[in-house]
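Structure file coords.cif (mmCIF, C-alpha atoms) follows.
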data_coords
#
loop_
_atom_site.label_atom_id
_atom_site.label_comp_id
_atom_site.auth_asym_id
_atom_site.auth_seq_id
_atom_site.Cartn_x
_atom_site.Cartn_y
_atom_site.Cartn_z
CA MET A 1 6.71 -11.23 -6.54
CA PRO A 2 3.71 -11.61 -4.26
CA ILE A 3 2.59 -8.34 -2.75
CA ASN A 4 1.16 -9.62 0.53
CA SER A 5 3.37 -8.03 3.17
CA PRO A 6 3.11 -10.91 5.71
CA HIS A 7 5.30 -12.86 3.29
CA TYR A 8 8.23 -10.48 3.48
CA ARG A 9 11.48 -11.11 5.21
CA TRP A 10 12.67 -8.79 7.94
CA ASN A 11 15.40 -7.33 5.72
CA GLU A 12 12.76 -6.40 3.13
CA LEU A 13 10.33 -4.77 5.57
CA ASN A 14 11.22 -4.33 9.23
CA GLY A 15 8.76 -3.69 12.04
CA LYS A 16 8.97 0.09 12.05
CA GLN A 17 8.58 0.22 8.27
CA ARG A 18 5.63 -2.18 8.47
CA ALA A 19 3.97 -0.05 11.15
CA GLU A 20 4.40 3.10 9.04
CA LEU A 21 3.06 1.29 5.98
CA ASP A 22 -0.07 0.50 8.02
CA ALA A 23 -0.38 4.10 9.19
CA GLN A 24 -0.12 5.34 5.60
CA ILE A 25 -2.89 3.00 4.43
CA VAL A 26 -5.26 4.94 6.69
CA GLU A 27 -3.65 8.32 6.00
CA LEU A 28 -3.81 7.99 2.20
CA THR A 29 -7.30 6.46 2.13
CA ASP A 30 -8.60 9.43 4.11
CA ALA A 31 -6.59 11.91 2.03
CA PHE A 32 -7.79 10.48 -1.29
CA LEU A 33 -11.41 10.47 -0.12
CA ASP A 34 -11.05 14.10 0.97
CA ASP A 35 -9.47 14.86 -2.43
CA ILE A 36 -12.44 13.34 -4.26
CA ALA A 37 -14.87 15.43 -2.22
CA ASP A 38 -12.79 18.55 -2.97
CA LEU A 39 -12.67 17.70 -6.70
CA ASP A 40 -16.45 17.34 -6.64
CA ARG A 41 -16.60 20.91 -5.33
CA GLY A 42 -14.40 22.16 -8.17
CA ARG A 43 -10.89 22.06 -6.72
CA PRO A 44 -8.23 21.68 -9.48
CA PHE A 45 -6.64 18.25 -9.64
CA ASP A 46 -3.10 19.56 -9.31
CA GLU A 47 -3.96 20.93 -5.85
CA THR A 48 -4.89 17.48 -4.49
CA ARG A 49 -2.71 15.09 -2.52
CA LEU A 50 -3.45 12.47 -5.19
CA ALA A 51 -1.62 14.54 -7.78
CA LYS A 52 1.55 14.33 -5.69
CA TYR A 53 1.70 10.56 -6.25
CA LEU A 54 0.68 10.38 -9.91
CA PRO A 55 2.85 10.93 -13.01
CA ARG A 56 2.64 14.66 -13.66
CA GLN A 57 2.88 14.40 -17.44
CA PHE A 58 -0.67 12.94 -17.53
CA LEU A 59 -2.24 15.65 -15.37
CA ALA A 60 -4.66 16.69 -18.11
CA HIS A 61 -6.18 13.19 -18.03
CA TYR A 62 -7.00 13.19 -14.32
CA HIS A 63 -10.50 14.14 -13.18
CA PRO A 64 -12.98 13.16 -10.42
CA ALA A 65 -14.07 9.91 -12.10
CA PHE A 66 -10.43 8.89 -12.50
CA ALA A 67 -9.80 9.73 -8.83
CA LYS A 68 -12.63 7.44 -7.71
CA ARG A 69 -11.33 4.53 -9.77
CA PHE A 70 -7.81 5.16 -8.51
CA LEU A 71 -9.08 5.14 -4.91
CA VAL A 72 -10.70 1.74 -5.54
CA ALA A 73 -7.38 0.53 -7.01
CA PHE A 74 -5.68 1.79 -3.83
CA LEU A 75 -8.21 0.03 -1.58
CA THR A 76 -7.83 -3.15 -3.65
CA VAL A 77 -4.05 -3.22 -3.57
CA THR A 78 -3.92 -2.47 0.17
CA TRP A 79 -6.36 -5.33 0.75
CA LYS A 80 -4.08 -7.61 -1.28
CA LEU A 81 -1.09 -6.39 0.71
CA LYS A 82 -2.58 -7.64 3.97
CA ASP A 83 -4.56 -10.68 2.84
CA PRO A 84 -2.89 -13.88 4.01
CA SER A 85 -5.11 -16.31 2.08
CA GLY A 86 -3.08 -16.50 -1.11
CA VAL A 87 -0.44 -14.93 -3.26
CA HIS A 88 -1.51 -11.67 -4.86
CA VAL A 89 0.04 -9.54 -7.57
CA CYS A 90 -0.84 -6.14 -8.99
CA ALA A 91 -3.51 -6.67 -11.61
CA ASN A 92 -2.95 -3.52 -13.61
CA GLN A 93 -1.03 -0.27 -13.93
CA ALA A 94 -3.34 1.59 -11.56
CA GLU A 95 -2.66 -0.90 -8.77
CA GLU A 96 1.10 -0.61 -9.37
CA LEU A 97 0.84 3.18 -9.10
CA ALA A 98 -1.40 2.98 -6.04
CA LEU A 99 1.12 0.72 -4.32
CA TYR A 100 3.91 3.09 -5.33
CA ALA A 101 1.96 5.96 -3.72
CA LEU A 102 1.84 3.96 -0.50
CA ILE A 103 5.56 3.23 -0.64
CA GLN A 104 6.40 6.89 -1.34
CA ALA A 105 4.20 8.14 1.50
CA THR A 106 5.72 5.59 3.87
CA GLN A 107 9.25 6.60 2.91
CA ASP A 108 8.42 10.28 3.39
CA ALA A 109 7.05 9.59 6.88
CA LEU A 110 9.94 7.44 8.12
CA PRO A 111 13.10 8.84 9.73
CA LEU A 112 16.06 9.01 7.35
CA GLU A 113 17.95 6.10 8.91
CA ILE A 114 15.17 3.60 8.13
CA ASP A 115 13.41 5.13 5.13
CA ASP A 116 14.97 2.82 2.55
CA LEU A 117 12.18 0.61 1.19
CA SER A 118 14.08 -0.38 -1.96
CA ALA A 119 14.31 -4.07 -0.93
CA PHE A 120 10.57 -4.14 -0.32
CA GLN A 121 9.91 -2.31 -3.58
CA GLU A 122 12.10 -4.75 -5.48
CA ALA A 123 10.25 -7.71 -3.94
CA VAL A 124 6.79 -6.34 -4.51
CA TYR A 125 6.89 -5.53 -8.22
CA GLU A 126 7.29 -7.87 -11.17
CA ASP A 127 9.20 -5.15 -13.01
CA SER A 128 9.86 -1.46 -12.68
CA ASP A 129 8.47 -0.39 -16.08
CA PHE A 130 5.87 1.78 -14.38
CA LEU A 131 8.62 4.16 -13.23
CA PHE A 132 8.99 5.29 -16.86
CA LEU A 133 5.58 6.93 -16.44
CA PHE A 134 7.25 9.47 -14.17
CA ASP A 135 9.91 10.28 -16.77
CA PRO A 136 8.73 12.99 -19.20
CA ALA A 137 11.69 12.14 -21.42
CA MET A 138 10.05 8.77 -22.17
CA ASP A 139 6.78 10.41 -23.24
CA GLY A 140 5.72 8.96 -26.60
CA ILE A 141 8.34 6.20 -26.75
CA ALA A 142 6.11 3.49 -25.34
CA GLN A 143 3.27 4.37 -27.69
CA ALA A 144 5.66 3.86 -30.57
CA LEU A 145 6.85 0.51 -29.21
CA ALA A 146 3.44 -0.82 -28.15
CA PRO A 147 2.51 -2.36 -31.53
CA VAL A 148 5.78 -4.30 -31.49
CA ASP A 149 5.65 -5.39 -27.86
CA PRO A 150 2.08 -5.57 -26.46
CA SER A 151 3.39 -6.47 -22.99
CA ILE A 152 4.86 -3.01 -22.58
CA THR A 153 3.60 -0.88 -19.71
CA ALA A 154 0.32 0.87 -20.42
CA TYR A 155 1.21 4.45 -21.29
CA ASP A 156 -2.30 5.67 -21.97
CA VAL A 157 -4.24 6.59 -18.86
CA LYS A 158 -7.28 4.84 -20.35
CA ASP A 159 -5.38 1.54 -20.16
CA TRP A 160 -4.24 1.84 -16.57
CA PHE A 161 -7.26 0.01 -15.19
CA GLU A 162 -7.23 -2.80 -17.74
CA PRO A 163 -5.69 -6.08 -16.55
CA PHE A 164 -2.15 -6.76 -17.69
CA ASN A 165 -1.78 -9.04 -20.68
CA ASP A 166 -2.50 -12.03 -18.43
CA ARG A 167 -6.31 -11.92 -18.36
CA ASP A 168 -6.45 -14.23 -15.36
CA ARG A 169 -5.69 -11.38 -13.01
CA PRO A 170 -9.01 -10.41 -11.46
CA VAL A 171 -9.62 -6.67 -11.44
CA HIS A 172 -12.17 -5.05 -9.13
CA PRO A 173 -15.31 -4.42 -11.23
CA TYR A 174 -15.42 -0.72 -10.37
CA GLN A 175 -11.98 -0.17 -11.86
CA LEU A 176 -13.16 -1.61 -15.16
CA LEU A 177 -16.82 -0.65 -15.33
CA ALA A 178 -17.22 2.63 -13.47
CA PRO A 179 -18.88 5.39 -15.46
CA ARG A 180 -16.42 7.65 -17.24
CA PRO A 181 -17.01 11.19 -18.40
CA ALA A 182 -16.42 10.67 -22.11
CA ALA A 183 -17.81 8.09 -24.53
CA GLY A 184 -16.02 4.79 -25.01
CA ARG A 185 -13.09 3.93 -22.78
CA SER A 186 -11.44 7.33 -22.88
CA ASP A 187 -10.42 8.85 -19.57
CA ARG A 188 -10.46 12.36 -20.88
CA ALA A 189 -12.70 14.80 -19.10
CA PRO A 190 -15.64 16.10 -21.18
CA HIS A 191 -14.12 19.54 -21.68
CA GLU A 192 -10.89 18.15 -23.14
CA MET B 1 -17.53 -19.59 3.12
CA ALA B 2 -16.37 -19.26 -0.48
CA ILE B 3 -17.38 -16.35 -2.62
CA GLY B 4 -14.87 -16.47 -5.48
CA THR B 5 -17.32 -16.70 -8.34
CA ARG B 6 -15.03 -18.79 -10.49
CA THR B 7 -14.99 -21.49 -7.83
CA ILE B 8 -18.63 -22.05 -8.73
CA SER B 9 -18.98 -24.17 -11.83
CA THR B 10 -20.23 -22.62 -15.04
CA ALA B 11 -23.32 -24.76 -14.59
CA ASP B 12 -24.06 -22.69 -11.49
CA LEU B 13 -23.10 -19.30 -12.85
CA THR B 14 -22.68 -18.50 -16.51
CA PHE B 15 -20.51 -15.80 -18.00
CA ALA B 16 -23.62 -13.65 -18.23
CA GLY B 17 -24.26 -14.19 -14.55
CA ARG B 18 -20.74 -13.15 -13.64
CA LYS B 19 -21.13 -10.06 -15.78
CA VAL B 20 -24.34 -9.14 -13.98
CA LEU B 21 -22.59 -9.49 -10.63
CA ALA B 22 -19.64 -7.37 -11.81
CA ASP B 23 -21.94 -4.65 -13.22
CA THR B 24 -23.95 -4.58 -10.01
CA CYS B 25 -20.83 -4.49 -7.84
CA SER B 26 -19.58 -1.50 -9.82
CA ALA B 27 -22.93 0.30 -9.53
CA VAL B 28 -23.21 -0.28 -5.77
CA THR B 29 -19.61 0.89 -5.27
CA GLN B 30 -20.38 4.03 -7.27
CA ARG B 31 -23.36 4.82 -5.05
CA CYS B 32 -21.35 4.25 -1.90
CA LEU B 33 -18.58 6.55 -3.18
CA ASP B 34 -21.01 9.27 -4.24
CA ASP B 35 -22.70 9.06 -0.85
CA LEU B 36 -19.36 9.63 0.86
CA VAL B 37 -18.27 12.42 -1.43
CA ARG B 38 -21.50 14.38 -1.52
CA THR B 39 -22.35 14.25 2.16
CA GLU B 40 -21.79 17.74 3.47
CA GLY B 41 -19.45 17.97 6.43
CA PRO B 42 -19.32 16.10 9.75
CA GLY B 43 -22.68 15.23 11.26
CA SER B 44 -24.58 15.04 7.96
CA ASP B 45 -26.43 11.87 7.14
CA HIS B 46 -25.11 9.47 4.49
CA ALA B 47 -28.44 9.01 2.76
CA TRP B 48 -27.55 6.01 0.61
CA LEU B 49 -25.97 4.14 3.51
CA ALA B 50 -29.00 4.89 5.68
CA SER B 51 -31.29 3.44 3.02
CA ALA B 52 -29.10 0.36 2.49
CA LEU B 53 -28.72 -0.75 6.10
CA PRO B 54 -31.50 -2.48 8.05
CA GLN B 55 -33.31 0.25 10.01
CA VAL B 56 -33.48 -1.99 13.04
CA LEU B 57 -29.72 -1.76 13.51
CA GLU B 58 -30.06 1.96 14.29
CA ALA B 59 -26.61 2.58 12.82
CA ASP B 60 -25.26 6.10 13.14
CA THR B 61 -25.15 6.91 9.44
CA THR B 62 -23.93 10.44 10.16
CA ASP B 63 -20.61 8.89 11.20
CA ARG B 64 -18.12 9.53 8.39
CA LEU B 65 -15.66 6.93 9.63
CA LEU B 66 -18.37 4.29 9.66
CA ALA B 67 -19.26 5.16 6.06
CA ARG B 68 -15.60 4.99 4.99
CA ARG B 69 -15.12 1.63 6.72
CA PHE B 70 -18.19 0.33 4.91
CA LEU B 71 -16.70 1.42 1.55
CA ALA B 72 -13.48 -0.47 2.35
CA SER B 73 -15.52 -3.58 3.23
CA LEU B 74 -17.52 -3.23 0.02
CA VAL B 75 -14.36 -2.98 -2.10
CA ALA B 76 -12.88 -6.05 -0.38
CA VAL B 77 -16.04 -8.02 -1.16
CA GLY B 78 -16.01 -6.90 -4.81
CA GLN B 79 -12.44 -8.09 -5.22
CA LYS B 80 -13.17 -11.41 -3.52
CA LEU B 81 -16.15 -11.87 -5.78
CA MET B 82 -13.95 -11.66 -8.86
CA ASP B 83 -11.07 -13.74 -7.52
CA PRO B 84 -10.94 -17.30 -8.85
CA ARG B 85 -9.71 -18.61 -5.52
CA THR B 86 -11.83 -19.55 -2.55
CA MET B 87 -12.35 -16.47 -0.40
CA ALA B 88 -14.23 -15.95 2.82
CA MET B 89 -16.42 -13.20 4.18
CA ALA B 90 -14.35 -11.66 6.94
CA SER B 91 -17.09 -9.92 8.92
CA PRO B 92 -20.85 -9.37 9.11
CA ALA B 93 -20.28 -5.97 7.44
CA GLU B 94 -18.78 -7.77 4.43
CA LEU B 95 -21.75 -10.13 4.36
CA LEU B 96 -24.04 -7.10 4.37
CA ALA B 97 -22.05 -5.58 1.49
CA PHE B 98 -22.35 -8.84 -0.42
CA ARG B 99 -26.09 -8.92 0.18
CA LEU B 100 -26.48 -5.43 -1.30
CA ILE B 101 -24.74 -6.54 -4.49
CA TRP B 102 -26.56 -9.85 -4.59
CA CYS B 103 -30.08 -8.49 -4.08
CA GLU B 104 -29.58 -5.92 -6.81
CA ALA B 105 -28.15 -8.49 -9.23
CA LEU B 106 -30.87 -11.05 -8.64
CA PRO B 107 -33.60 -9.55 -10.88
CA ALA B 108 -31.13 -9.39 -13.79
CA LEU B 109 -30.28 -13.08 -13.57
CA SER B 110 -32.42 -15.67 -15.32
CA VAL B 111 -34.64 -17.78 -13.08
CA THR B 112 -32.61 -20.92 -13.64
CA GLU B 113 -29.32 -19.20 -13.07
CA ALA B 114 -30.56 -17.36 -10.01
CA VAL B 115 -31.85 -20.55 -8.44
CA ALA B 116 -28.57 -22.32 -9.10
CA ILE B 117 -26.39 -19.61 -7.68
CA VAL B 118 -28.65 -19.02 -4.70
CA SER B 119 -28.37 -22.67 -3.93
CA ALA B 120 -24.58 -22.61 -4.22
CA LEU B 121 -24.04 -19.32 -2.46
CA SER B 122 -26.52 -19.69 0.36
CA GLN B 123 -24.51 -22.65 1.59
CA ALA B 124 -21.18 -21.00 0.93
CA VAL B 125 -21.59 -17.44 2.12
CA ASP B 126 -21.85 -16.80 5.79
CA THR B 127 -19.76 -15.69 8.72
CA GLU B 128 -19.31 -17.13 12.19
CA ARG B 129 -21.89 -14.76 13.63
CA LEU B 130 -24.33 -14.26 10.77
CA ASN B 131 -25.67 -15.90 7.64
CA LEU B 132 -27.72 -14.60 4.72
CA ASP B 133 -31.02 -16.01 5.99
CA ARG B 134 -30.65 -14.27 9.30
CA LEU B 135 -29.53 -11.09 7.60
CA ASP B 136 -32.69 -11.17 5.47
CA LEU B 137 -34.77 -11.25 8.62
CA LEU B 138 -33.29 -7.92 9.69
CA TYR B 139 -35.08 -6.33 6.73
CA SER B 140 -38.42 -7.99 7.56
CA SER B 141 -41.32 -6.84 9.71
CA ASP B 142 -40.08 -9.14 12.48
CA ALA B 143 -36.68 -7.51 12.43
CA ALA B 144 -36.66 -6.55 16.11
CA ASP B 145 -37.08 -10.20 17.14
CA SER B 146 -34.11 -11.16 14.98
CA LEU B 147 -31.74 -8.80 16.71
CA ALA B 148 -31.29 -10.94 19.80
CA ASP B 149 -27.68 -11.90 20.46
CA LEU B 150 -26.43 -9.99 17.45
CA PRO B 151 -23.62 -7.52 18.16
CA ALA B 152 -24.10 -3.73 17.91
CA PHE B 153 -23.58 -2.51 14.35
CA GLU B 154 -20.21 -0.92 15.15
CA GLU B 155 -18.95 -4.44 15.93
CA TRP B 156 -20.07 -5.78 12.57
CA PHE B 157 -16.79 -4.58 11.08
CA GLU B 158 -14.66 -6.75 13.33
CA ALA B 159 -13.11 -9.87 11.84
CA ASP B 160 -14.78 -13.13 12.70
CA ALA B 161 -11.50 -14.99 12.61
CA GLU B 162 -7.84 -14.00 12.66
CA TRP B 163 -7.09 -15.99 9.52
CA HIS B 164 -9.70 -14.06 7.51
CA PRO B 165 -8.74 -10.44 8.20
CA VAL B 166 -10.96 -7.51 7.32
CA HIS B 167 -9.72 -4.77 4.96
CA PRO B 168 -6.67 -3.09 6.55
CA TYR B 169 -8.40 0.31 6.61
CA VAL B 170 -11.18 -1.28 8.67
CA ALA B 171 -8.77 -3.10 10.96
CA LEU B 172 -6.49 -0.12 11.48
CA THR B 173 -9.33 2.27 12.34
CA GLU B 174 -10.98 -0.05 14.84
CA ASP B 175 -9.76 1.87 17.90
CA GLN B 176 -10.73 5.17 16.28
CA ALA B 177 -14.21 3.79 15.62
CA ARG B 178 -14.52 2.87 19.28
CA GLY B 179 -13.58 6.41 20.23
CA LEU B 180 -10.17 5.35 21.50
CA ALA B 181 -6.87 7.00 20.65
CA ALA B 182 -4.86 5.09 18.06
CA VAL B 183 -2.87 2.38 19.79
CA VAL B 184 0.46 1.48 18.24
CA ASP B 185 1.08 -2.24 18.15
CA ASP B 186 4.47 -2.52 19.81
CA GLU B 187 5.09 -6.08 18.70
CA ASP B 188 6.92 -5.18 15.51
CA THR B 189 9.02 -2.41 17.03
CA GLU B 190 9.93 -4.67 19.96
CA LEU B 191 11.14 -7.23 17.44
CA ASP B 192 13.15 -4.46 15.76
CA GLU B 193 14.82 -3.61 19.06
CA GLN B 194 15.56 -7.27 19.76
CA SER B 195 17.10 -7.75 16.33
CA GLU B 196 19.21 -4.60 16.80
CA GLU B 197 20.40 -5.83 20.21
CA ALA B 198 21.24 -9.24 18.77
#
I need this file expressed as structure tokens, please.
Amino acid sequence: MPINSPHYRWNELNGKQRAELDAQIVELTDAFLDDIADLDRGRPFDETRLAKYLPRQFLAHYHPAFAKRFLVAFLTVTWKLKDPSGVHVCANQAEELALYALIQATQDALPLEIDDLSAFQEAVYEDSDFLFLFDPAMDGIAQALAPVDPSITAYDVKDWFEPFNDRDRPVHPYQLLAPRPAAGRSDRAPHE
Amino acid sequence: MAIGTRTISTADLTFAGRKVLADTCSAVTQRCLDDLVRTEGPGSDHAWLASALPQVLEADTTDRLLARRFLASLVAVGQKLMDPRTMAMASPAELLAFRLIWCEALPALSVTEAVAIVSALSQAVDTERLNLDRLDLLYSSDAADSLADLPAFEEWFEADAEWHPVHPYVALTEDQARGLAAVVDDEDTELDEQSEEA
């Protein structure tokens, strides 16, 4: 379950896949920074590259402040991926989604014969609950179950940056404390 | 070399102290991000970065890649700061990022707490090529004298040691920062070919 890629076996992440993963770290960092600048100039969120990698059903909750926090989650999780000093895990939903964006972009860029990163994906995540976020059919089910099972994946965008139920997972301060457009911990944009 | 705040005892840094550091880290990251986002086009100056770096370094703060690499270093430092494990500063640029957070947090810490953490951190936080005391001198009136045998600012992003790597964005854009075309590391693909042949 550690996410640091140096720990992976060859059958989980071969050399060409590893090289493309590296290339996509740079590609997506630059793309997300360009997206944030474009959002600042008024570009709609659904026209950004970021939107391609995020669950579409929550589009109304995405805005420039969210994009900045998500970029920091991406930079954090890519740092963890390459840090050899200890075992790292995703600290929250945002980091899981940021890592998934990297995996998706890497798969898209690889030739068909080596684009299968399922072994790596299986090794890197503790569970695959976050994939439900991409399934509109599941919309509302988790909210109903949350009072019964608090460990369930965070389905509200406002919870994506909070640490998972294990509070010992350190989260980058910007993910938790960055200014948000609305009062309280809501991630809704002011006009919503 | 350690900066994981929880490796420092609560006698050195209270919960309130940790909160101040986290708040400050968030605020500095926000400024760095805003600076990147609001700087108009290639060739425009990153005003916040220019004000944060020692003037004597004569860094090219119009360089967008340099500003982006500094953001990646800053984020790495913020994460290390919150990690309970012992972490090391990977490069002088990370030490500089730490200093920005630290100097801003200092006035918000109580005198006792500040003294304790300065004592603990000043021994713990340094890199092979630079320490906090020497970095302070770069902001002083004698800054020019302190530059001797320090690398050019572009080299501040390079890792001091292989076992403490810099943020991957910083490492992977090193050739680009030097004005070189991206060089693919053939080691992994060669291993792929060998394993296919075997």
**Q.** All residues 7 Å or closer to segment 69-71 of chain B, all atoms listed in the file, same chain fewer than 6 positions away omitted, as a list in words
**A.**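 Those residues are Cys32, Tyr169 and Val170 of chain B.
As for atom CA of Asp83 of chain B and atom CA of Leu54 of chain A, they are spaced 26.9 Å apart.
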Q) atom CA of Val166 of chain B and atom CA of Glu122 of chain A are how many Å apart? A)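 Separation of atom CA of Val166 of chain B and atom CA of Glu122 of chain A: 26.5 Å.
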Q.
Give me, as a PyMOL selection string, the residues of chain B touching chain A, with the criterion being at most 9 Å (counting only C-alpha atoms).
A. chain B and resi 21-27+29-30+33-34+36-39+68+72+75-76+78-87+163-170+172-173+184-192
Q. Hey, can you check how far atom CA of Arg178 of chain B sits from atom CA of Pro92 of chain B?
A.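 Spanning atom CA of Arg178 of chain B to atom CA of Pro92 of chain B is a straight-line distance of 17.1 Å.
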(Q) Can you spell out as a count of residues only the set of residues that the PyMOL selection byres ((chain B and resi 154-158) around 10) selects in the structure I just provided? (A) 32
Q.
Could you tell me, as a VMD selection string, exactly which residues end up selected when the PyMOL selection byres ((chain A and resi 92-105) around 7) is applied to this structure?
A. chain A and resid 24 to 25 53 70 73 to 74 77 90 to 91 106 to 109 154 160 to 164
